[in-house]
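Everything below belongs to target.csv, which stores CSV, C-alpha atoms.
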```
chain,number,residue,atom,x,y,z
A,1,GLY,CA,-4.0,7.0,11.7
A,2,GLU,CA,-3.4,3.4,12.3
A,3,SER,CA,0.0,3.3,10.6
A,4,VAL,CA,2.8,4.3,12.8
A,5,GLY,CA,5.2,6.6,10.8
A,6,LEU,CA,8.5,7.0,12.7
A,7,HIS,CA,12.0,7.0,11.4
A,8,LEU,CA,12.7,4.2,9.0
A,9,PRO,CA,14.8,1.3,10.4
A,10,THR,CA,17.6,0.3,8.0
A,11,LEU,CA,19.1,-3.1,7.2
A,12,SER,CA,22.4,-3.0,5.6
A,13,VAL,CA,23.7,-6.3,3.9
A,14,GLN,CA,26.4,-7.3,1.6
A,15,GLU,CA,25.6,-8.4,-1.9
A,16,GLY,CA,25.1,-12.2,-2.0
A,17,ASP,CA,24.1,-12.4,1.7
A,18,ASN,CA,20.6,-13.4,2.8
A,19,SER,CA,18.4,-10.7,4.2
A,20,ILE,CA,15.7,-11.0,6.9
A,21,ILE,CA,13.2,-8.2,7.3
A,22,ASN,CA,10.8,-8.4,10.3
A,23,CYS,CA,7.4,-6.9,10.9
A,24,ALA,CA,4.9,-7.0,13.8
A,25,TYR,CA,1.3,-6.7,12.9
A,26,SER,CA,-1.5,-5.3,15.0
A,27,ASN,CA,-4.7,-7.2,14.5
A,28,SER,CA,-5.1,-10.8,15.5
A,29,ALA,CA,-8.1,-11.1,13.3
A,30,SER,CA,-6.2,-10.3,10.1
A,31,ASP,CA,-6.3,-13.1,7.7
A,32,TYR,CA,-4.1,-12.0,4.8
A,33,PHE,CA,-0.6,-10.5,4.8
A,34,ILE,CA,1.5,-9.0,2.0
A,35,TRP,CA,5.0,-7.8,1.5
A,36,TYR,CA,5.6,-4.8,-0.8
A,37,LYS,CA,8.8,-3.3,-2.1
A,38,GLN,CA,8.9,0.4,-2.8
A,39,GLU,CA,11.7,2.0,-4.8
A,40,SER,CA,12.3,5.7,-4.8
A,41,GLY,CA,9.7,7.5,-6.9
A,42,LYS,CA,7.5,4.5,-7.4
A,43,GLY,CA,4.5,2.9,-6.0
A,44,PRO,CA,4.6,-0.2,-3.8
A,45,GLN,CA,5.3,-3.4,-5.8
A,46,PHE,CA,3.8,-6.7,-4.7
A,47,ILE,CA,6.4,-9.3,-3.6
A,48,ILE,CA,4.6,-12.2,-1.9
A,49,ASP,CA,1.6,-12.8,0.2
A,50,ILE,CA,0.4,-15.4,2.8
A,51,ARG,CA,-2.9,-16.3,4.3
A,52,SER,CA,-3.4,-16.9,8.0
A,53,ASN,CA,-3.9,-20.6,7.5
A,54,MET,CA,-0.3,-21.0,6.4
A,55,ASP,CA,3.0,-20.3,8.3
A,56,LYS,CA,5.4,-20.3,5.4
A,57,ARG,CA,5.3,-19.5,1.7
A,58,GLN,CA,8.1,-19.4,-0.8
A,59,GLY,CA,8.5,-17.5,-4.0
A,60,GLN,CA,11.5,-16.8,-6.2
A,61,ARG,CA,14.4,-15.9,-3.9
A,62,VAL,CA,11.9,-14.8,-1.2
A,63,THR,CA,10.2,-16.6,1.7
A,64,VAL,CA,7.6,-15.2,4.0
A,65,LEU,CA,7.1,-16.7,7.5
A,66,LEU,CA,4.0,-16.0,9.6
A,67,ASN,CA,3.9,-16.5,13.4
A,68,LYS,CA,0.3,-15.9,14.5
A,69,THR,CA,1.1,-16.6,18.1
A,70,VAL,CA,3.3,-13.5,18.4
A,71,LYS,CA,1.8,-11.6,15.5
A,72,HIS,CA,5.0,-11.6,13.6
A,73,LEU,CA,5.9,-11.7,9.9
A,74,SER,CA,9.3,-12.0,8.3
A,75,LEU,CA,10.6,-11.7,4.7
A,76,GLN,CA,13.7,-13.6,3.8
A,77,ILE,CA,15.5,-12.6,0.6
A,78,ALA,CA,18.1,-15.1,-0.6
A,79,ALA,CA,21.3,-14.0,-2.3
A,80,THR,CA,20.5,-10.3,-2.0
A,81,GLN,CA,21.3,-8.2,-5.0
A,82,PRO,CA,21.9,-4.4,-5.5
A,83,GLY,CA,18.5,-4.3,-7.2
A,84,ASP,CA,16.8,-5.4,-4.0
A,85,SER,CA,17.7,-2.1,-2.4
A,86,ALA,CA,14.4,-0.4,-1.5
A,87,VAL,CA,11.9,0.1,1.3
A,88,TYR,CA,10.0,-3.0,2.3
A,89,PHE,CA,6.6,-2.8,3.8
A,90,CYS,CA,4.5,-5.5,5.4
A,91,ALA,CA,0.7,-5.0,5.2
A,92,GLU,CA,-2.2,-6.8,6.8
A,93,ASN,CA,-5.8,-7.1,5.5
A,94,PRO,CA,-8.0,-7.0,8.6
A,95,LEU,CA,-11.4,-8.6,8.9
A,96,TYR,CA,-14.1,-6.1,9.7
A,97,GLY,CA,-17.2,-8.2,9.7
A,98,GLY,CA,-16.9,-8.8,6.0
A,99,ALA,CA,-14.6,-8.5,3.0
A,100,THR,CA,-12.5,-5.4,2.9
A,101,ASN,CA,-9.6,-4.3,0.8
A,102,LYS,CA,-8.2,-2.0,3.5
A,103,LEU,CA,-4.5,-2.6,4.1
A,104,ILE,CA,-2.8,-1.6,7.3
A,105,PHE,CA,0.9,-1.0,6.6
A,106,GLY,CA,3.9,-1.3,8.8
A,107,THR,CA,6.4,1.5,9.1
A,108,GLY,CA,8.8,0.0,6.5
A,109,THR,CA,12.4,-1.1,6.5
A,110,LEU,CA,15.1,0.4,4.3
A,111,LEU,CA,17.2,-2.4,2.8
A,112,ALA,CA,20.6,-1.2,1.7
A,113,VAL,CA,22.7,-3.7,-0.3
A,114,GLN,CA,26.4,-3.0,-0.3
A,115,PRO,CA,28.3,-4.2,-3.4
B,1,LYS,CA,-2.0,-5.9,-19.5
B,2,ALA,CA,-1.6,-2.2,-18.5
B,3,GLY,CA,-1.0,-1.4,-14.9
B,4,VAL,CA,-2.7,1.0,-12.6
B,5,THR,CA,-2.6,4.5,-14.0
B,6,GLN,CA,-2.7,7.6,-11.9
B,7,THR,CA,-2.9,11.1,-13.2
B,8,PRO,CA,-1.3,13.6,-12.8
B,9,ARG,CA,2.1,12.4,-11.6
B,10,TYR,CA,2.9,15.7,-10.0
B,11,LEU,CA,0.8,18.6,-8.8
B,12,ILE,CA,1.5,21.8,-7.0
B,13,LYS,CA,-1.4,23.6,-5.4
B,14,THR,CA,-1.9,26.6,-3.1
B,15,ARG,CA,-3.4,26.4,0.4
B,16,GLY,CA,-7.2,26.7,0.2
B,17,GLN,CA,-7.5,25.3,-3.3
B,18,GLN,CA,-9.0,22.0,-4.1
B,19,VAL,CA,-7.6,19.1,-6.1
B,20,THR,CA,-8.9,16.1,-8.0
B,21,LEU,CA,-6.7,13.0,-8.6
B,22,SER,CA,-7.6,10.2,-11.0
B,23,CYS,CA,-6.9,6.5,-10.9
B,24,SER,CA,-7.6,4.0,-13.7
B,25,PRO,CA,-7.4,0.4,-12.4
B,26,ILE,CA,-6.2,-2.6,-14.2
B,27,SER,CA,-8.7,-3.8,-16.8
B,28,GLY,CA,-11.2,-6.1,-15.2
B,29,HIS,CA,-10.4,-4.9,-11.6
B,30,ARG,CA,-13.5,-3.6,-9.8
B,31,SER,CA,-12.0,-2.6,-6.5
B,32,VAL,CA,-10.0,0.6,-6.0
B,33,SER,CA,-8.4,1.8,-2.8
B,34,TRP,CA,-6.6,5.1,-2.0
B,35,TYR,CA,-3.7,5.7,0.4
B,36,GLN,CA,-1.8,8.7,1.5
B,37,GLN,CA,2.0,8.3,2.1
B,38,THR,CA,4.0,10.8,4.1
B,39,PRO,CA,7.4,10.6,5.7
B,40,GLY,CA,5.8,11.2,9.1
B,41,GLN,CA,2.8,8.9,9.0
B,42,GLY,CA,3.8,6.3,6.5
B,43,LEU,CA,1.1,4.7,4.3
B,44,GLN,CA,-2.4,5.4,5.5
B,45,PHE,CA,-5.7,4.1,4.1
B,46,LEU,CA,-8.1,6.7,2.8
B,47,PHE,CA,-11.0,4.8,1.3
B,48,GLU,CA,-12.0,1.9,-0.9
B,49,TYR,CA,-14.6,1.5,-3.6
B,50,PHE,CA,-16.1,-1.5,-5.1
B,51,SER,CA,-18.8,-1.4,-7.8
B,52,GLU,CA,-19.2,2.4,-7.4
B,53,THR,CA,-19.9,2.1,-3.7
B,54,GLN,CA,-17.6,3.3,-0.9
B,55,ARG,CA,-17.0,0.2,1.2
B,56,ASN,CA,-14.7,1.6,3.9
B,57,LYS,CA,-13.2,4.9,4.9
B,58,GLY,CA,-10.1,5.7,6.9
B,59,ASN,CA,-9.6,8.3,9.6
B,60,PHE,CA,-9.4,11.4,7.4
B,61,PRO,CA,-11.4,14.6,7.6
B,62,GLY,CA,-14.4,15.2,5.4
B,63,ARG,CA,-12.3,17.4,3.1
B,64,PHE,CA,-11.1,14.1,1.6
B,65,SER,CA,-13.7,12.4,-0.7
B,66,GLY,CA,-13.8,10.1,-3.6
B,67,ARG,CA,-16.0,8.3,-6.1
B,68,GLN,CA,-15.9,5.5,-8.5
B,69,PHE,CA,-17.4,5.4,-11.9
B,70,SER,CA,-19.2,2.5,-13.7
B,71,ASN,CA,-16.0,1.7,-15.7
B,72,SER,CA,-14.2,1.3,-12.3
B,73,ARG,CA,-12.1,4.4,-12.7
B,74,SER,CA,-11.9,6.4,-9.5
B,75,GLU,CA,-11.2,10.0,-8.5
B,76,MET,CA,-10.4,11.4,-5.1
B,77,ASN,CA,-10.9,15.1,-4.2
B,78,VAL,CA,-9.3,17.1,-1.5
B,79,SER,CA,-10.9,20.5,-0.7
B,80,THR,CA,-9.5,23.5,1.2
B,81,LEU,CA,-6.0,22.2,0.9
B,82,GLU,CA,-3.6,22.5,3.9
B,83,LEU,CA,0.1,22.3,3.9
B,84,GLY,CA,-0.1,18.9,5.7
B,85,ASP,CA,-1.9,17.4,2.7
B,86,SER,CA,1.4,17.4,0.8
B,87,ALA,CA,2.0,13.7,0.2
B,88,LEU,CA,2.2,10.9,-2.3
B,89,TYR,CA,-1.3,9.7,-3.0
B,90,LEU,CA,-1.4,6.1,-4.1
B,91,CYS,CA,-4.2,4.1,-5.7
B,92,ALA,CA,-4.4,0.3,-5.6
B,93,SER,CA,-6.6,-1.9,-7.7
B,94,LYS,CA,-7.8,-5.4,-7.0
B,95,TRP,CA,-9.9,-7.9,-9.0
B,96,ARG,CA,-12.4,-8.2,-6.1
B,97,GLN,CA,-12.7,-7.6,-2.4
B,98,GLY,CA,-11.0,-9.8,0.2
B,99,GLY,CA,-7.6,-11.3,0.4
B,100,TYR,CA,-6.2,-10.9,-3.0
B,101,GLU,CA,-3.2,-9.2,-4.4
B,102,ALA,CA,-3.5,-5.4,-4.7
B,103,PHE,CA,-1.6,-3.6,-7.5
B,104,PHE,CA,-0.4,0.0,-6.9
B,105,GLY,CA,0.0,2.8,-9.3
B,106,GLN,CA,3.0,5.1,-9.3
B,107,GLY,CA,1.1,7.7,-7.3
B,108,THR,CA,0.5,11.4,-7.6
B,109,ARG,CA,2.9,13.6,-5.7
B,110,LEU,CA,0.9,16.6,-4.3
B,111,THR,CA,2.7,19.6,-3.0
B,112,VAL,CA,0.7,22.3,-1.2
B,113,VAL,CA,2.4,25.7,-0.9
```
Could you take the file, read its structure, and then write that structure out as structure tokens?
Amino acid sequence: GESVGLHLPTLSVQEGDNSIINCAYSNSASDYFIWYKQESGKGPQFIIDIRSNMDKRQGQRVTVLLNKTVKHLSLQIAATQPGDSAVYFCAENPLYGGATNKLIFGTGTLLAVQP
Amino acid sequence: KAGVTQTPRYLIKTRGQQVTLSCSPISGHRSVSWYQQTPGQGLQFLFEYFSETQRNKGNFPGRFSGRQFSNSRSEMNVSTLELGDSALYLCASKWRQGGYEAFFGQGTRLTVV
């Protein structure tokens, strides 16, 4: 498959600190990127998205940065809370000669928030 | 507005059997995609449907199939189950194709014994 499933990297932060989760994507033709949060026993939950014609987008306590030159995405979470503890996935929507809903997911990062 | 509904939530099957999983997308959404999630391979795309037509398929054997009905509900089927098919199967719905937000269901946890 296209998703690489290795052991999950972990980011451990203190409550109240800012978190930065990084992701490298694979397809330079991808035009749409999404960050998802997945809590144990649940499906992925949409956090924020960004299109390839932007390099930054802000939501509530979250910011996504896109660097197309090095094919890199990052998710910044401000004032991290215990409820933010989860696995975070980046996903890209590649162009395949037309519209597609196929998402290619990164391996995921486990965010552990210490109280 | 109700979210994406997947049934059943949990399933235990024996090797060699077949299984059918169901997904009801958000009302008004016409696009449904399926993903397999395992600890070893992560989230992998299975297939996507739009207006009852399969638009794209991932790198899975022919034992994995799916369909979409006129009301946008979708089913996926796995025949001749193998132990390695044990996974969380996730369905995502979108309003339309292209770069729009996809909403995921809770998934169906399939265990093959």
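Each of A:Ile20, A:Ile34, A:Ile77, A:Leu65 was compared to Phe105 (chain A) using only C-alpha atoms, and A:Ile34 turns out to be the nearest.
Going from CA of Cys23 (chain B) over to CA of Cys90 (chain A), you cover 23.2 Å.
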Leu46 (chain B) environment, 8 Å, all atoms listed in the file, sequence neighbours closer than 4 positions dropped, as a PDB file with C-alpha atoms, in the coordinates of the input:
```
ATOM      1  CA  SER B  33      -8.400   1.800  -2.800  1.00  0.00           C
ATOM      2  CA  TRP B  34      -6.600   5.100  -2.000  1.00  0.00           C
ATOM      3  CA  TYR B  35      -3.700   5.700   0.400  1.00  0.00           C
ATOM      4  CA  GLN B  36      -1.800   8.700   1.500  1.00  0.00           C
ATOM      5  CA  LYS B  57     -13.200   4.900   4.900  1.00  0.00           C
ATOM      6  CA  GLY B  58     -10.100   5.700   6.900  1.00  0.00           C
ATOM      7  CA  ASN B  59      -9.600   8.300   9.600  1.00  0.00           C
ATOM      8  CA  PHE B  60      -9.400  11.400   7.400  1.00  0.00           C
TER       9      PHE B  60
END
```
**Study point:** 7 Å contact set for Gly108 (chain A), only C-alpha atoms, chain neighbours under 6 positions out, as a VMD selection string
**Key:** chain A and resid 8 87 to 89
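Proximity ranking of A:Gly16, A:Gly106, A:Pro115, A:Pro9 relative to chain B places A:Gly106 first, based on only C-alpha atoms.
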Sort by chain and increasing residue number a table of all residues of chain B within 7 Å of chain A, each with its closest pair of atoms and their distance in Å to one decimal, counting only C-alpha atoms, and write it as a tab-separated table.
```
residue	atom	partner	partner_atom	distance
B:Pro39	CA	A:Gly5	CA	6.8
B:Gly40	CA	A:Gly5	CA	4.9
B:Gln41	CA	A:Gly5	CA	3.8
B:Gly42	CA	A:Gly5	CA	4.5
B:Leu43	CA	A:Phe105	CA	6.1
B:Gln44	CA	A:Ser3	CA	6.0
B:Phe45	CA	A:Lys102	CA	6.6
B:Glu48	CA	A:Asn101	CA	6.9
B:Asn59	CA	A:Gly1	CA	6.1
B:Leu90	CA	A:Gly43	CA	7.0
B:Gln97	CA	A:Asn101	CA	5.5
B:Gly98	CA	A:Ala99	CA	4.7
B:Gly99	CA	A:Tyr32	CA	5.7
B:Phe103	CA	A:Phe46	CA	6.8
B:Phe104	CA	A:Gly43	CA	5.8
B:Gly105	CA	A:Gly43	CA	5.6
B:Gln106	CA	A:Gly43	CA	4.2
B:Gly107	CA	A:Gly43	CA	6.0
```
**Study point:** Using only C-alpha atoms: which of B:Thr14, B:Thr108, B:Ser72, B:Ser65 has the shortest distance to Ser31 (chain B)
**Key:** B:Ser72
Exercise for review: Could you give me, as JSON, numbers by chain, the residues within 7 Å of region 74-81 of chain B, counting only C-alpha atoms and dropping anything in the same chain fewer than 6 positions from it?
Suggested key: {"B": [15, 16, 17, 18, 19, 20, 21, 22, 23, 24, 63, 64, 65, 66, 67, 68]}
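Picture a line from CA of Leu75 (chain A) to CA of Ala92 (chain B); it runs 21.8 Å.
Between CA of Leu11 (chain B) and CA of Phe47 (chain B) there is a distance of 20.8 Å.
Near Leu66 (chain A), within 9 Å and counting only C-alpha atoms, sit Phe33, Ile50, Arg51, Ser52, Met54, Asp55, Lys56, Arg57, Lys71, His72, Leu73 and Ser74 of chain A; same-chain residues fewer than 4 positions away were not included.
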Review point. Could you name the residues that touch Val32 (chain B) at 7 Å or less, counting all atoms listed in the file, but leaving out those on the same chain fewer than 4 positions away, as number ranges by chain?
Key: B: 25, 48-50, 91-94
Using all atoms listed in the file - which residues lie no farther than 10 Å from the point (17.0, -8.5, -3.4) in the file's frame? Write them as a PDB file with C-alpha atoms, in the frame of the given file.
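Result saved to part32.pdb:
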```pdb
ATOM      1  CA  GLU A  15      25.600  -8.400  -1.900  1.00  0.00           C
ATOM      2  CA  GLY A  16      25.100 -12.200  -2.000  1.00  0.00           C
ATOM      3  CA  ASP A  17      24.100 -12.400   1.700  1.00  0.00           C
ATOM      4  CA  ASN A  18      20.600 -13.400   2.800  1.00  0.00           C
ATOM      5  CA  SER A  19      18.400 -10.700   4.200  1.00  0.00           C
ATOM      6  CA  LYS A  37       8.800  -3.300  -2.100  1.00  0.00           C
ATOM      7  CA  ARG A  61      14.400 -15.900  -3.900  1.00  0.00           C
ATOM      8  CA  VAL A  62      11.900 -14.800  -1.200  1.00  0.00           C
ATOM      9  CA  GLN A  76      13.700 -13.600   3.800  1.00  0.00           C
ATOM     10  CA  ILE A  77      15.500 -12.600   0.600  1.00  0.00           C
ATOM     11  CA  ALA A  78      18.100 -15.100  -0.600  1.00  0.00           C
ATOM     12  CA  ALA A  79      21.300 -14.000  -2.300  1.00  0.00           C
ATOM     13  CA  THR A  80      20.500 -10.300  -2.000  1.00  0.00           C
ATOM     14  CA  GLN A  81      21.300  -8.200  -5.000  1.00  0.00           C
ATOM     15  CA  PRO A  82      21.900  -4.400  -5.500  1.00  0.00           C
ATOM     16  CA  GLY A  83      18.500  -4.300  -7.200  1.00  0.00           C
ATOM     17  CA  ASP A  84      16.800  -5.400  -4.000  1.00  0.00           C
ATOM     18  CA  SER A  85      17.700  -2.100  -2.400  1.00  0.00           C
ATOM     19  CA  ALA A  86      14.400  -0.400  -1.500  1.00  0.00           C
ATOM     20  CA  LEU A 111      17.200  -2.400   2.800  1.00  0.00           C
ATOM     21  CA  ALA A 112      20.600  -1.200   1.700  1.00  0.00           C
ATOM     22  CA  VAL A 113      22.700  -3.700  -0.300  1.00  0.00           C
TER      23      VAL A 113
END
```
